file start-v6.pdb (PDB, N, CA and C atoms)
ATOM      1  N   MET L 139      92.754   4.944  59.088
ATOM      2  CA  MET L 139      91.663   5.849  58.821
ATOM      3  C   MET L 139      91.646   6.151  57.328
ATOM      4  N   TRP L 140      90.450   6.212  56.786
ATOM      5  CA  TRP L 140      90.253   6.592  55.398
ATOM      6  C   TRP L 140      89.205   7.690  55.367
ATOM      7  N   ALA L 141      89.386   8.620  54.458
ATOM      8  CA  ALA L 141      88.417   9.698  54.321
ATOM      9  C   ALA L 141      88.277  10.072  52.854
ATOM     10  N   ARG L 142      87.062  10.407  52.486
ATOM     11  CA  ARG L 142      86.788  10.955  51.159
ATOM     12  C   ARG L 142      86.390  12.408  51.372
ATOM     13  N   ILE L 143      87.080  13.290  50.698
ATOM     14  CA  ILE L 143      86.881  14.722  50.861
ATOM     15  C   ILE L 143      86.156  15.272  49.641
ATOM     16  N   GLU L 144      85.137  16.073  49.885
ATOM     17  CA  GLU L 144      84.417  16.760  48.813
ATOM     18  C   GLU L 144      84.249  18.211  49.223
ATOM     19  N   GLY L 145      84.755  19.110  48.420
ATOM     20  CA  GLY L 145      84.602  20.527  48.694
ATOM     21  C   GLY L 145      85.173  20.956  50.040
ATOM     22  N   GLY L 146      86.288  20.337  50.440
ATOM     23  CA  GLY L 146      86.929  20.694  51.702
ATOM     24  C   GLY L 146      86.261  20.113  52.933
ATOM     25  N   ARG L 147      85.257  19.254  52.713
ATOM     26  CA  ARG L 147      84.548  18.623  53.835
ATOM     27  C   ARG L 147      84.743  17.110  53.791
ATOM     28  N   ILE L 148      84.661  16.507  54.937
ATOM     29  CA  ILE L 148      84.811  15.060  55.051
ATOM     30  C   ILE L 148      83.468  14.417  54.713
ATOM     31  N   ALA L 149      83.382  13.874  53.513
ATOM     32  CA  ALA L 149      82.136  13.271  53.048
ATOM     33  C   ALA L 149      81.954  11.874  53.637
ATOM     34  N   GLU L 150      83.036  11.121  53.698
ATOM     35  CA  GLU L 150      83.007   9.778  54.264
ATOM     36  C   GLU L 150      84.280   9.571  55.055
ATOM     37  N   VAL L 151      84.184   8.802  56.124
ATOM     38  CA  VAL L 151      85.365   8.478  56.925
ATOM     39  C   VAL L 151      85.119   7.135  57.595
ATOM     40  N   SER L 152      86.172   6.332  57.653
ATOM     41  CA  SER L 152      86.063   5.031  58.311
ATOM     42  C   SER L 152      87.440   4.641  58.838
ATOM     43  N   PHE L 153      87.449   3.583  59.618
ATOM     44  CA  PHE L 153      88.717   3.103  60.146
ATOM     45  C   PHE L 153      88.700   1.589  60.181
ATOM     46  N   ASP L 154      89.890   1.046  60.219
ATOM     47  CA  ASP L 154      90.085  -0.386  60.387
ATOM     48  C   ASP L 154      91.295  -0.522  61.291
ATOM     49  N   GLY L 155      91.157  -1.216  62.359
ATOM     50  CA  GLY L 155      92.302  -1.331  63.237
ATOM     51  C   GLY L 155      92.079  -2.286  64.377
ATOM     52  N   ARG L 156      93.148  -2.481  65.099
ATOM     53  CA  ARG L 156      93.121  -3.288  66.312
ATOM     54  C   ARG L 156      93.723  -2.449  67.415
ATOM     55  N   GLY L 157      93.240  -2.645  68.600
ATOM     56  CA  GLY L 157      93.778  -1.900  69.718
ATOM     57  C   GLY L 157      92.925  -2.115  70.946
ATOM     58  N   CYS L 158      93.183  -1.317  71.939
ATOM     59  CA  CYS L 158      92.422  -1.429  73.182
ATOM     60  C   CYS L 158      91.021  -0.856  72.976
ATOM     61  N   SER L 159      90.161  -1.122  73.931
ATOM     62  CA  SER L 159      88.780  -0.662  73.808
ATOM     63  C   SER L 159      88.685   0.855  73.754
ATOM     64  N   ILE L 160      89.573   1.548  74.443
ATOM     65  CA  ILE L 160      89.540   3.013  74.421
ATOM     66  C   ILE L 160      89.850   3.528  73.020
ATOM     67  N   SER L 161      90.895   3.010  72.398
ATOM     68  CA  SER L 161      91.267   3.503  71.068
ATOM     69  C   SER L 161      90.214   3.145  70.023
ATOM     70  N   LEU L 162      89.635   1.971  70.118
ATOM     71  CA  LEU L 162      88.604   1.581  69.156
ATOM     72  C   LEU L 162      87.334   2.396  69.351
ATOM     73  N   ALA L 163      86.949   2.626  70.597
ATOM     74  CA  ALA L 163      85.767   3.451  70.869
ATOM     75  C   ALA L 163      85.997   4.879  70.387
ATOM     76  N   ALA L 164      87.181   5.419  70.674
ATOM     77  CA  ALA L 164      87.499   6.777  70.241
ATOM     78  C   ALA L 164      87.459   6.868  68.717
ATOM     79  N   ALA L 165      88.026   5.898  68.034
ATOM     80  CA  ALA L 165      88.032   5.912  66.570
ATOM     81  C   ALA L 165      86.606   5.902  66.022
ATOM     82  N   SER L 166      85.752   5.097  66.601
ATOM     83  CA  SER L 166      84.364   5.032  66.160
ATOM     84  C   SER L 166      83.653   6.369  66.386
ATOM     85  N   MET L 167      83.840   6.947  67.563
ATOM     86  CA  MET L 167      83.194   8.223  67.870
ATOM     87  C   MET L 167      83.747   9.348  67.005
ATOM     88  N   ILE L 168      85.044   9.304  66.720
ATOM     89  CA  ILE L 168      85.663  10.339  65.892
ATOM     90  C   ILE L 168      85.111  10.284  64.473
ATOM     91  N   THR L 169      84.945   9.096  63.912
ATOM     92  CA  THR L 169      84.407   9.012  62.551
ATOM     93  C   THR L 169      83.001   9.607  62.489
ATOM     94  N   ALA L 170      82.194   9.347  63.498
ATOM     95  CA  ALA L 170      80.843   9.924  63.528
ATOM     96  C   ALA L 170      80.897  11.443  63.699
ATOM     97  N   LEU L 171      81.818  11.906  64.520
ATOM     98  CA  LEU L 171      81.932  13.331  64.820
ATOM     99  C   LEU L 171      82.375  14.156  63.616
ATOM    100  N   VAL L 172      83.353  13.673  62.866
ATOM    101  CA  VAL L 172      83.945  14.495  61.802
ATOM    102  C   VAL L 172      83.227  14.390  60.464
ATOM    103  N   ARG L 173      82.376  13.399  60.307
ATOM    104  CA  ARG L 173      81.661  13.251  59.039
ATOM    105  C   ARG L 173      80.856  14.530  58.772
ATOM    106  N   GLY L 174      81.088  15.140  57.621
ATOM    107  CA  GLY L 174      80.400  16.359  57.244
ATOM    108  C   GLY L 174      81.107  17.639  57.674
ATOM    109  N   LYS L 175      82.128  17.507  58.500
ATOM    110  CA  LYS L 175      82.861  18.689  58.982
ATOM    111  C   LYS L 175      83.923  19.099  57.964
ATOM    112  N   ALA L 176      84.317  20.369  58.037
ATOM    113  CA  ALA L 176      85.407  20.867  57.207
ATOM    114  C   ALA L 176      86.714  20.221  57.676
ATOM    115  N   VAL L 177      87.588  19.939  56.740
ATOM    116  CA  VAL L 177      88.863  19.299  57.062
ATOM    117  C   VAL L 177      89.629  20.096  58.118
ATOM    118  N   ASP L 178      89.591  21.428  58.014
ATOM    119  CA  ASP L 178      90.358  22.235  58.965
ATOM    120  C   ASP L 178      89.765  22.244  60.377
ATOM    121  N   GLU L 179      88.605  21.667  60.581
ATOM    122  CA  GLU L 179      88.027  21.563  61.925
ATOM    123  C   GLU L 179      88.614  20.398  62.727
ATOM    124  N   VAL L 180      89.229  19.448  62.048
ATOM    125  CA  VAL L 180      89.739  18.256  62.725
ATOM    126  C   VAL L 180      90.786  18.613  63.777
ATOM    127  N   ALA L 181      91.719  19.479  63.438
ATOM    128  CA  ALA L 181      92.765  19.862  64.396
ATOM    129  C   ALA L 181      92.160  20.566  65.605
ATOM    130  N   GLU L 182      91.146  21.379  65.383
ATOM    131  CA  GLU L 182      90.478  22.079  66.483
ATOM    132  C   GLU L 182      89.778  21.086  67.423
ATOM    133  N   LEU L 183      89.144  20.081  66.857
ATOM    134  CA  LEU L 183      88.474  19.064  67.677
ATOM    135  C   LEU L 183      89.487  18.231  68.454
ATOM    136  N   ARG L 184      90.600  17.876  67.786
ATOM    137  CA  ARG L 184      91.652  17.124  68.482
ATOM    138  C   ARG L 184      92.210  17.941  69.631
ATOM    139  N   HIS L 185      92.430  19.217  69.405
ATOM    140  CA  HIS L 185      92.963  20.087  70.449
ATOM    141  C   HIS L 185      91.994  20.158  71.636
ATOM    142  N   ALA L 186      90.711  20.273  71.359
ATOM    143  CA  ALA L 186      89.713  20.326  72.438
ATOM    144  C   ALA L 186      89.728  19.027  73.246
ATOM    145  N   LEU L 187      89.856  17.889  72.561
ATOM    146  CA  LEU L 187      89.916  16.606  73.271
ATOM    147  C   LEU L 187      91.201  16.506  74.081
ATOM    148  N   THR L 188      92.313  16.915  73.490
ATOM    149  CA  THR L 188      93.603  16.861  74.186
ATOM    150  C   THR L 188      93.554  17.692  75.463
ATOM    151  N   GLN L 189      93.036  18.901  75.356
ATOM    152  CA  GLN L 189      92.937  19.772  76.530
ATOM    153  C   GLN L 189      91.999  19.177  77.576
ATOM    154  N   GLY L 190      90.898  18.637  77.132
ATOM    155  CA  GLY L 190      89.914  18.074  78.052
ATOM    156  C   GLY L 190      90.365  16.804  78.748
ATOM    157  N   LEU L 191      91.331  16.103  78.173
ATOM    158  CA  LEU L 191      91.834  14.881  78.799
ATOM    159  C   LEU L 191      93.076  15.126  79.646
ATOM    160  N   ALA L 192      93.565  16.362  79.652
ATOM    161  CA  ALA L 192      94.708  16.704  80.506
ATOM    162  C   ALA L 192      94.276  16.575  81.968
ATOM    163  N   PRO L 193      95.197  16.183  82.854
ATOM    164  CA  PRO L 193      94.830  15.967  84.260
ATOM    165  C   PRO L 193      94.084  17.137  84.904
ATOM    166  N   ASP L 194      94.499  18.350  84.631
ATOM    167  CA  ASP L 194      93.824  19.523  85.199
ATOM    168  C   ASP L 194      93.120  20.325  84.114
ATOM    169  N   GLY L 195      92.767  19.667  83.030
ATOM    170  CA  GLY L 195      92.162  20.363  81.909
ATOM    171  C   GLY L 195      90.711  20.725  82.149
ATOM    172  N   PRO L 196      90.172  21.530  81.248
ATOM    173  CA  PRO L 196      88.770  21.934  81.344
ATOM    174  C   PRO L 196      87.848  20.763  81.015
ATOM    175  N   ALA L 197      86.592  20.928  81.323
ATOM    176  CA  ALA L 197      85.604  19.914  80.938
ATOM    177  C   ALA L 197      85.580  19.813  79.419
ATOM    178  N   LEU L 198      85.294  18.636  78.929
ATOM    179  CA  LEU L 198      85.215  18.461  77.481
ATOM    180  C   LEU L 198      84.015  19.236  76.945
ATOM    181  N   PRO L 199      84.224  20.047  75.917
ATOM    182  CA  PRO L 199      83.130  20.864  75.379
ATOM    183  C   PRO L 199      82.135  20.036  74.563
ATOM    184  N   LYS L 200      80.947  20.569  74.403
ATOM    185  CA  LYS L 200      79.905  19.880  73.635
ATOM    186  C   LYS L 200      80.332  19.581  72.208
ATOM    187  N   LYS L 201      81.217  20.412  71.656
ATOM    188  CA  LYS L 201      81.605  20.224  70.257
ATOM    189  C   LYS L 201      82.327  18.900  70.003
ATOM    190  N   VAL L 202      82.824  18.228  71.051
ATOM    191  CA  VAL L 202      83.469  16.928  70.844
ATOM    192  C   VAL L 202      82.461  15.785  70.900
ATOM    193  N   GLY L 203      81.194  16.117  71.051
ATOM    194  CA  GLY L 203      80.128  15.125  70.961
ATOM    195  C   GLY L 203      80.282  13.967  71.929
ATOM    196  N   ASP L 204      80.096  12.766  71.405
ATOM    197  CA  ASP L 204      80.138  11.558  72.230
ATOM    198  C   ASP L 204      81.503  11.297  72.851
ATOM    199  N   LEU L 205      82.541  11.948  72.346
ATOM    200  CA  LEU L 205      83.876  11.781  72.929
ATOM    201  C   LEU L 205      83.912  12.228  74.392
ATOM    202  N   ARG L 206      82.901  12.971  74.810
ATOM    203  CA  ARG L 206      82.831  13.370  76.224
ATOM    204  C   ARG L 206      82.716  12.149  77.130
ATOM    205  N   ALA L 207      82.273  11.026  76.582
ATOM    206  CA  ALA L 207      82.188   9.790  77.366
ATOM    207  C   ALA L 207      83.567   9.318  77.820
ATOM    208  N   LEU L 208      84.614   9.830  77.190
ATOM    209  CA  LEU L 208      85.979   9.433  77.539
ATOM    210  C   LEU L 208      86.597  10.326  78.614
ATOM    211  N   ALA L 209      85.826  11.208  79.198
ATOM    212  CA  ALA L 209      86.357  12.148  80.191
ATOM    213  C   ALA L 209      87.087  11.451  81.330
ATOM    214  N   GLY L 210      86.632  10.294  81.743
ATOM    215  CA  GLY L 210      87.258   9.574  82.847
ATOM    216  C   GLY L 210      88.663   9.090  82.548
ATOM    217  N   VAL L 211      89.029   9.050  81.276
ATOM    218  CA  VAL L 211      90.365   8.599  80.887
ATOM    219  C   VAL L 211      91.433   9.517  81.481
ATOM    220  N   ARG L 212      91.091  10.768  81.731
ATOM    221  CA  ARG L 212      92.077  11.716  82.279
ATOM    222  C   ARG L 212      92.668  11.224  83.584
ATOM    223  N   ARG L 213      91.962  10.356  84.313
ATOM    224  CA  ARG L 213      92.487   9.817  85.580
ATOM    225  C   ARG L 213      93.579   8.778  85.353
ATOM    226  N   PHE L 214      93.756   8.364  84.108
ATOM    227  CA  PHE L 214      94.741   7.337  83.760
ATOM    228  C   PHE L 214      95.645   7.870  82.650
ATOM    229  N   PRO L 215      96.649   8.667  83.017
ATOM    230  CA  PRO L 215      97.490   9.324  82.006
ATOM    231  C   PRO L 215      98.064   8.385  80.945
ATOM    232  N   SER L 216      98.357   7.158  81.315
ATOM    233  CA  SER L 216      98.928   6.240  80.326
ATOM    234  C   SER L 216      97.899   5.829  79.271
ATOM    235  N   ARG L 217      96.616   6.073  79.514
ATOM    236  CA  ARG L 217      95.571   5.701  78.557
ATOM    237  C   ARG L 217      95.079   6.879  77.714
ATOM    238  N   VAL L 218      95.486   8.085  78.072
ATOM    239  CA  VAL L 218      95.081   9.265  77.300
ATOM    240  C   VAL L 218      95.548   9.113  75.859
ATOM    241  N   ARG L 219      96.740   8.611  75.687
ATOM    242  CA  ARG L 219      97.277   8.399  74.332
ATOM    243  C   ARG L 219      96.365   7.490  73.514
ATOM    244  N   CYS L 220      95.754   6.515  74.155
ATOM    245  CA  CYS L 220      94.834   5.603  73.463
ATOM    246  C   CYS L 220      93.654   6.365  72.859
ATOM    247  N   ALA L 221      93.158   7.345  73.593
ATOM    248  CA  ALA L 221      92.015   8.127  73.132
ATOM    249  C   ALA L 221      92.402   9.108  72.027
ATOM    250  N   LEU L 222      93.639   9.560  72.027
ATOM    251  CA  LEU L 222      94.083  10.558  71.047
ATOM    252  C   LEU L 222      94.634   9.945  69.763
ATOM    253  N   LEU L 223      95.088   8.713  69.832
ATOM    254  CA  LEU L 223      95.717   8.073  68.675
ATOM    255  C   LEU L 223      94.849   8.091  67.414
ATOM    256  N   PRO L 224      93.545   7.809  67.491
ATOM    257  CA  PRO L 224      92.745   7.852  66.256
ATOM    258  C   PRO L 224      92.704   9.240  65.608
ATOM    259  N   PHE L 225      92.704  10.297  66.420
ATOM    260  CA  PHE L 225      92.746  11.646  65.848
ATOM    261  C   PHE L 225      94.056  11.863  65.112
ATOM    262  N   GLU L 226      95.155  11.387  65.682
ATOM    263  CA  GLU L 226      96.450  11.521  65.031
ATOM    264  C   GLU L 226      96.463  10.773  63.701
ATOM    265  N   ALA L 227      95.879   9.586  63.693
ATOM    266  CA  ALA L 227      95.815   8.799  62.463
ATOM    267  C   ALA L 227      94.963   9.512  61.412
ATOM    268  N   LEU L 228      93.858  10.094  61.835
ATOM    269  CA  LEU L 228      93.005  10.825  60.897
ATOM    270  C   LEU L 228      93.734  12.036  60.340
ATOM    271  N   GLU L 229      94.413  12.784  61.188
ATOM    272  CA  GLU L 229      95.145  13.953  60.704
ATOM    273  C   GLU L 229      96.229  13.553  59.713
ATOM    274  N   GLU L 230      96.876  12.427  59.960
ATOM    275  CA  GLU L 230      97.888  11.951  59.023
ATOM    276  C   GLU L 230      97.232  11.571  57.687
ATOM    277  N   ALA L 231      96.080  10.934  57.755
ATOM    278  CA  ALA L 231      95.377  10.551  56.526
ATOM    279  C   ALA L 231      94.946  11.788  55.732
ATOM    280  N   LEU L 232      94.605  12.855  56.431
ATOM    281  CA  LEU L 232      94.142  14.085  55.776
ATOM    282  C   LEU L 232      95.273  14.981  55.307
ATOM    283  N   GLN L 233      96.471  14.729  55.791
ATOM    284  CA  GLN L 233      97.613  15.596  55.506
ATOM    285  C   GLN L 233      97.819  15.734  53.995
ATOM    286  N   GLY L 234      97.786  16.955  53.554
ATOM    287  CA  GLY L 234      98.019  17.231  52.150
ATOM    288  C   GLY L 234      96.855  16.955  51.219
ATOM    289  N   CYS L 235      95.738  16.491  51.743
ATOM    290  CA  CYS L 235      94.627  16.129  50.872
ATOM    291  C   CYS L 235      94.006  17.334  50.186
ATOM    292  N   CYS L 236      94.080  18.470  50.818
ATOM    293  CA  CYS L 236      93.361  19.640  50.313
ATOM    294  C   CYS L 236      94.284  20.782  49.950
ATOM    295  N   ALA L 237      95.515  20.462  49.624
ATOM    296  CA  ALA L 237      96.478  21.507  49.257
ATOM    297  C   ALA L 237      96.029  22.191  47.970
ATOM    298  N   ASP L 238      96.226  23.488  47.944
ATOM    299  CA  ASP L 238      95.835  24.253  46.741
ATOM    300  C   ASP L 238      96.847  24.065  45.635
TER
END
call {"tool": "encode", "arguments": {"input": "start-v6.pdb", "output": "structure tokens"}}
result
Amino acid sequence: MWARIEGGRIAEVSFDGRGCSISLAAASMITALVRGKAVDEVAELRHALTQGLAPDGPALPKKVGDLRALAGVRRFPSRVRCALLPFEALEEALQGCCAD
């Protein structure tokens, strides 16, 4: 994942990778979702997705946008990690980018 930050917001974001269809789809949807958002919103969005993909978790909220299409992944616990991995990669890419 790559991101360009301007004024604490994600101005541009992209990814390059290989993986299963779930991880690639999630990465694509995540880049569209976070573009223009404040950097500190990323953890909140990841948390909402994580909770929504838990076996007994709540429905995925509207704020996760197209990622709601991944709701069925919750039935396959071994694939939940595939959907969350791109968020983890993005958070790692953003780590320390906006330190004062």
call {"tool": "resolve_selection", "arguments": {"input": "start-v6.pdb", "expression": "the PyMOL selection byres ((chain L and resi 153) around 6)", "output": "short mmCIF file (atom, residue, chain, number, x, y, z; two decimals) with N, CA and C atoms, in the frame of the given file"}}
result
data_model
loop_
_atom_site.label_atom_id
_atom_site.label_comp_id
_atom_site.auth_asym_id
_atom_site.auth_seq_id
_atom_site.Cartn_x
_atom_site.Cartn_y
_atom_site.Cartn_z
N MET L 139 92.75 4.94 59.09
CA MET L 139 91.66 5.85 58.82
C MET L 139 91.65 6.15 57.33
N TRP L 140 90.45 6.21 56.79
CA TRP L 140 90.25 6.59 55.40
C TRP L 140 89.20 7.69 55.37
N VAL L 151 84.18 8.80 56.12
CA VAL L 151 85.36 8.48 56.92
C VAL L 151 85.12 7.14 57.60
N SER L 152 86.17 6.33 57.65
CA SER L 152 86.06 5.03 58.31
C SER L 152 87.44 4.64 58.84
N ASP L 154 89.89 1.05 60.22
CA ASP L 154 90.08 -0.39 60.39
C ASP L 154 91.30 -0.52 61.29
N GLY L 155 91.16 -1.22 62.36
CA GLY L 155 92.30 -1.33 63.24
C GLY L 155 92.08 -2.29 64.38
#
call {"tool": "closest_residue", "arguments": {"input": "start-v6.pdb", "among": "L:Gly146, L:Gly157, L:Pro199, L:Gly190", "to": "Val211 of chain L", "atoms": "only C-alpha atoms"}}
result
L:Gly190
call {"tool": "atom_distance", "arguments": {"input": "start-v6.pdb", "atom1": "atom C of Asp194 of chain L", "atom2": "atom N of Cys220 of chain L"}}
result
17.2 Å
call {"tool": "atom_distance", "arguments": {"input": "start-v6.pdb", "atom1": "atom CA of Arg213 of chain L", "atom2": "atom CA of Ala181 of chain L"}}
result
23.4 Å
call {"tool": "closest_residue", "arguments": {"input": "start-v6.pdb", "among": "L:Ile148, L:Cys158, L:Ala165, L:Leu183", "to": "Lys201 of chain L", "atoms": "all atoms listed in the file"}}
result
L:Leu183
call {"tool": "atom_distance", "arguments": {"input": "start-v6.pdb", "atom1": "atom N of Ala149 of chain L", "atom2": "atom C of Asp178 of chain L"}}
result
12.6 Å
call {"tool": "residues_around", "arguments": {"input": "start-v6.pdb", "residues": "Ile143 of chain L", "least_positions_apart": "5", "cutoff": "10 Å", "atoms": "only C-alpha atoms", "output": "count of residues only"}}
result
12
call {"tool": "closest_residue", "arguments": {"input": "start-v6.pdb", "among": "L:Val202, L:Ala207, L:Leu171, L:Leu187", "to": "Leu222 of chain L", "atoms": "only N, CA and C atoms"}}
result
L:Leu187
call {"tool": "axis_aligned_box", "arguments": {"input": "start-v6.pdb", "around": "segment 222-229 of chain L", "padding_each_side": "8 Å", "output": "JSON"}}
result
{"center_x": 94.6, "center_y": 10.9, "center_z": 65.9, "size_x": 19.8, "size_y": 22.1, "size_z": 28.3}
call {"tool": "residues_around", "arguments": {"input": "start-v6.pdb", "residues": "Leu198 of chain L", "least_positions_apart": "6", "cutoff": "8 Å", "atoms": "only N, CA and C atoms", "output": "PDB file with N, CA and C atoms, keeping the file's coordinate frame"}}
result
ATOM      1  N   ALA L 186      90.711  20.273  71.359  1.00  0.00           N
ATOM      2  CA  ALA L 186      89.713  20.326  72.438  1.00  0.00           C
ATOM      3  C   ALA L 186      89.728  19.027  73.246  1.00  0.00           C
ATOM      4  N   LEU L 187      89.856  17.889  72.561  1.00  0.00           N
ATOM      5  CA  LEU L 187      89.916  16.606  73.271  1.00  0.00           C
ATOM      6  C   LEU L 187      91.201  16.506  74.081  1.00  0.00           C
ATOM      7  N   GLN L 189      93.036  18.901  75.356  1.00  0.00           N
ATOM      8  CA  GLN L 189      92.937  19.772  76.530  1.00  0.00           C
ATOM      9  C   GLN L 189      91.999  19.177  77.576  1.00  0.00           C
ATOM     10  N   GLY L 190      90.898  18.637  77.132  1.00  0.00           N
ATOM     11  CA  GLY L 190      89.914  18.074  78.052  1.00  0.00           C
ATOM     12  C   GLY L 190      90.365  16.804  78.748  1.00  0.00           C
ATOM     13  N   LEU L 191      91.331  16.103  78.173  1.00  0.00           N
ATOM     14  CA  LEU L 191      91.834  14.881  78.799  1.00  0.00           C
ATOM     15  C   LEU L 191      93.076  15.126  79.646  1.00  0.00           C
ATOM     16  N   LEU L 205      82.541  11.948  72.346  1.00  0.00           N
ATOM     17  CA  LEU L 205      83.876  11.781  72.929  1.00  0.00           C
ATOM     18  C   LEU L 205      83.912  12.228  74.392  1.00  0.00           C
ATOM     19  N   ARG L 206      82.901  12.971  74.810  1.00  0.00           N
ATOM     20  CA  ARG L 206      82.831  13.370  76.224  1.00  0.00           C
ATOM     21  C   ARG L 206      82.716  12.149  77.130  1.00  0.00           C
ATOM     22  N   ALA L 209      85.826  11.208  79.198  1.00  0.00           N
ATOM     23  CA  ALA L 209      86.357  12.148  80.191  1.00  0.00           C
ATOM     24  C   ALA L 209      87.087  11.451  81.330  1.00  0.00           C
TER      25      ALA L 209
END
call {"tool": "select_by_dssp", "arguments": {"input": "start-v6.pdb", "residues": "chain L", "states": "alpha helix (DSSP H)", "output": "VMD selection string"}}
result
chain L and resid 159 to 172 179 to 191 215 to 232
call {"tool": "build_atoms", "arguments": {"input": "start-v6.pdb", "residues": "segment 166-180 of chain L", "atoms": "N, CA, C and O atoms", "output": "compact mmCIF listing (two decimals), in the frame of the given file"}}
result
# COMPACT_ATOMS: atom_id res chain seq x y z
N SER L 166 85.75 5.10 66.60
CA SER L 166 84.36 5.03 66.16
C SER L 166 83.65 6.37 66.39
O SER L 166 82.95 6.88 65.50
N MET L 167 83.84 6.95 67.56
CA MET L 167 83.19 8.22 67.87
C MET L 167 83.75 9.35 67.00
O MET L 167 83.01 10.25 66.59
N ILE L 168 85.04 9.30 66.72
CA ILE L 168 85.66 10.34 65.89
C ILE L 168 85.11 10.28 64.47
O ILE L 168 84.80 11.33 63.88
N THR L 169 84.94 9.10 63.91
CA THR L 169 84.41 9.01 62.55
C THR L 169 83.00 9.61 62.49
O THR L 169 82.67 10.32 61.55
N ALA L 170 82.19 9.35 63.50
CA ALA L 170 80.84 9.92 63.53
C ALA L 170 80.90 11.44 63.70
O ALA L 170 80.12 12.17 63.09
N LEU L 171 81.82 11.91 64.52
CA LEU L 171 81.93 13.33 64.82
C LEU L 171 82.38 14.16 63.62
O LEU L 171 81.83 15.23 63.35
N VAL L 172 83.35 13.67 62.87
CA VAL L 172 83.94 14.50 61.80
C VAL L 172 83.23 14.39 60.46
O VAL L 172 83.46 15.23 59.59
N ARG L 173 82.38 13.40 60.31
CA ARG L 173 81.66 13.25 59.04
C ARG L 173 80.86 14.53 58.77
O ARG L 173 80.07 14.97 59.60
N GLY L 174 81.09 15.14 57.62
CA GLY L 174 80.40 16.36 57.24
C GLY L 174 81.11 17.64 57.67
O GLY L 174 80.73 18.73 57.26
N LYS L 175 82.13 17.51 58.50
CA LYS L 175 82.86 18.69 58.98
C LYS L 175 83.92 19.10 57.96
O LYS L 175 84.39 18.30 57.15
N ALA L 176 84.32 20.37 58.04
CA ALA L 176 85.41 20.87 57.21
C ALA L 176 86.71 20.22 57.68
O ALA L 176 86.90 19.99 58.88
N VAL L 177 87.59 19.94 56.74
CA VAL L 177 88.86 19.30 57.06
C VAL L 177 89.63 20.10 58.12
O VAL L 177 90.22 19.52 59.03
N ASP L 178 89.59 21.43 58.01
CA ASP L 178 90.36 22.24 58.96
C ASP L 178 89.76 22.24 60.38
O ASP L 178 90.39 22.76 61.30
N GLU L 179 88.60 21.67 60.58
CA GLU L 179 88.03 21.56 61.92
C GLU L 179 88.61 20.40 62.73
O GLU L 179 88.50 20.37 63.95
N VAL L 180 89.23 19.45 62.05
CA VAL L 180 89.74 18.26 62.72
C VAL L 180 90.79 18.61 63.78
O VAL L 180 90.73 18.12 64.91
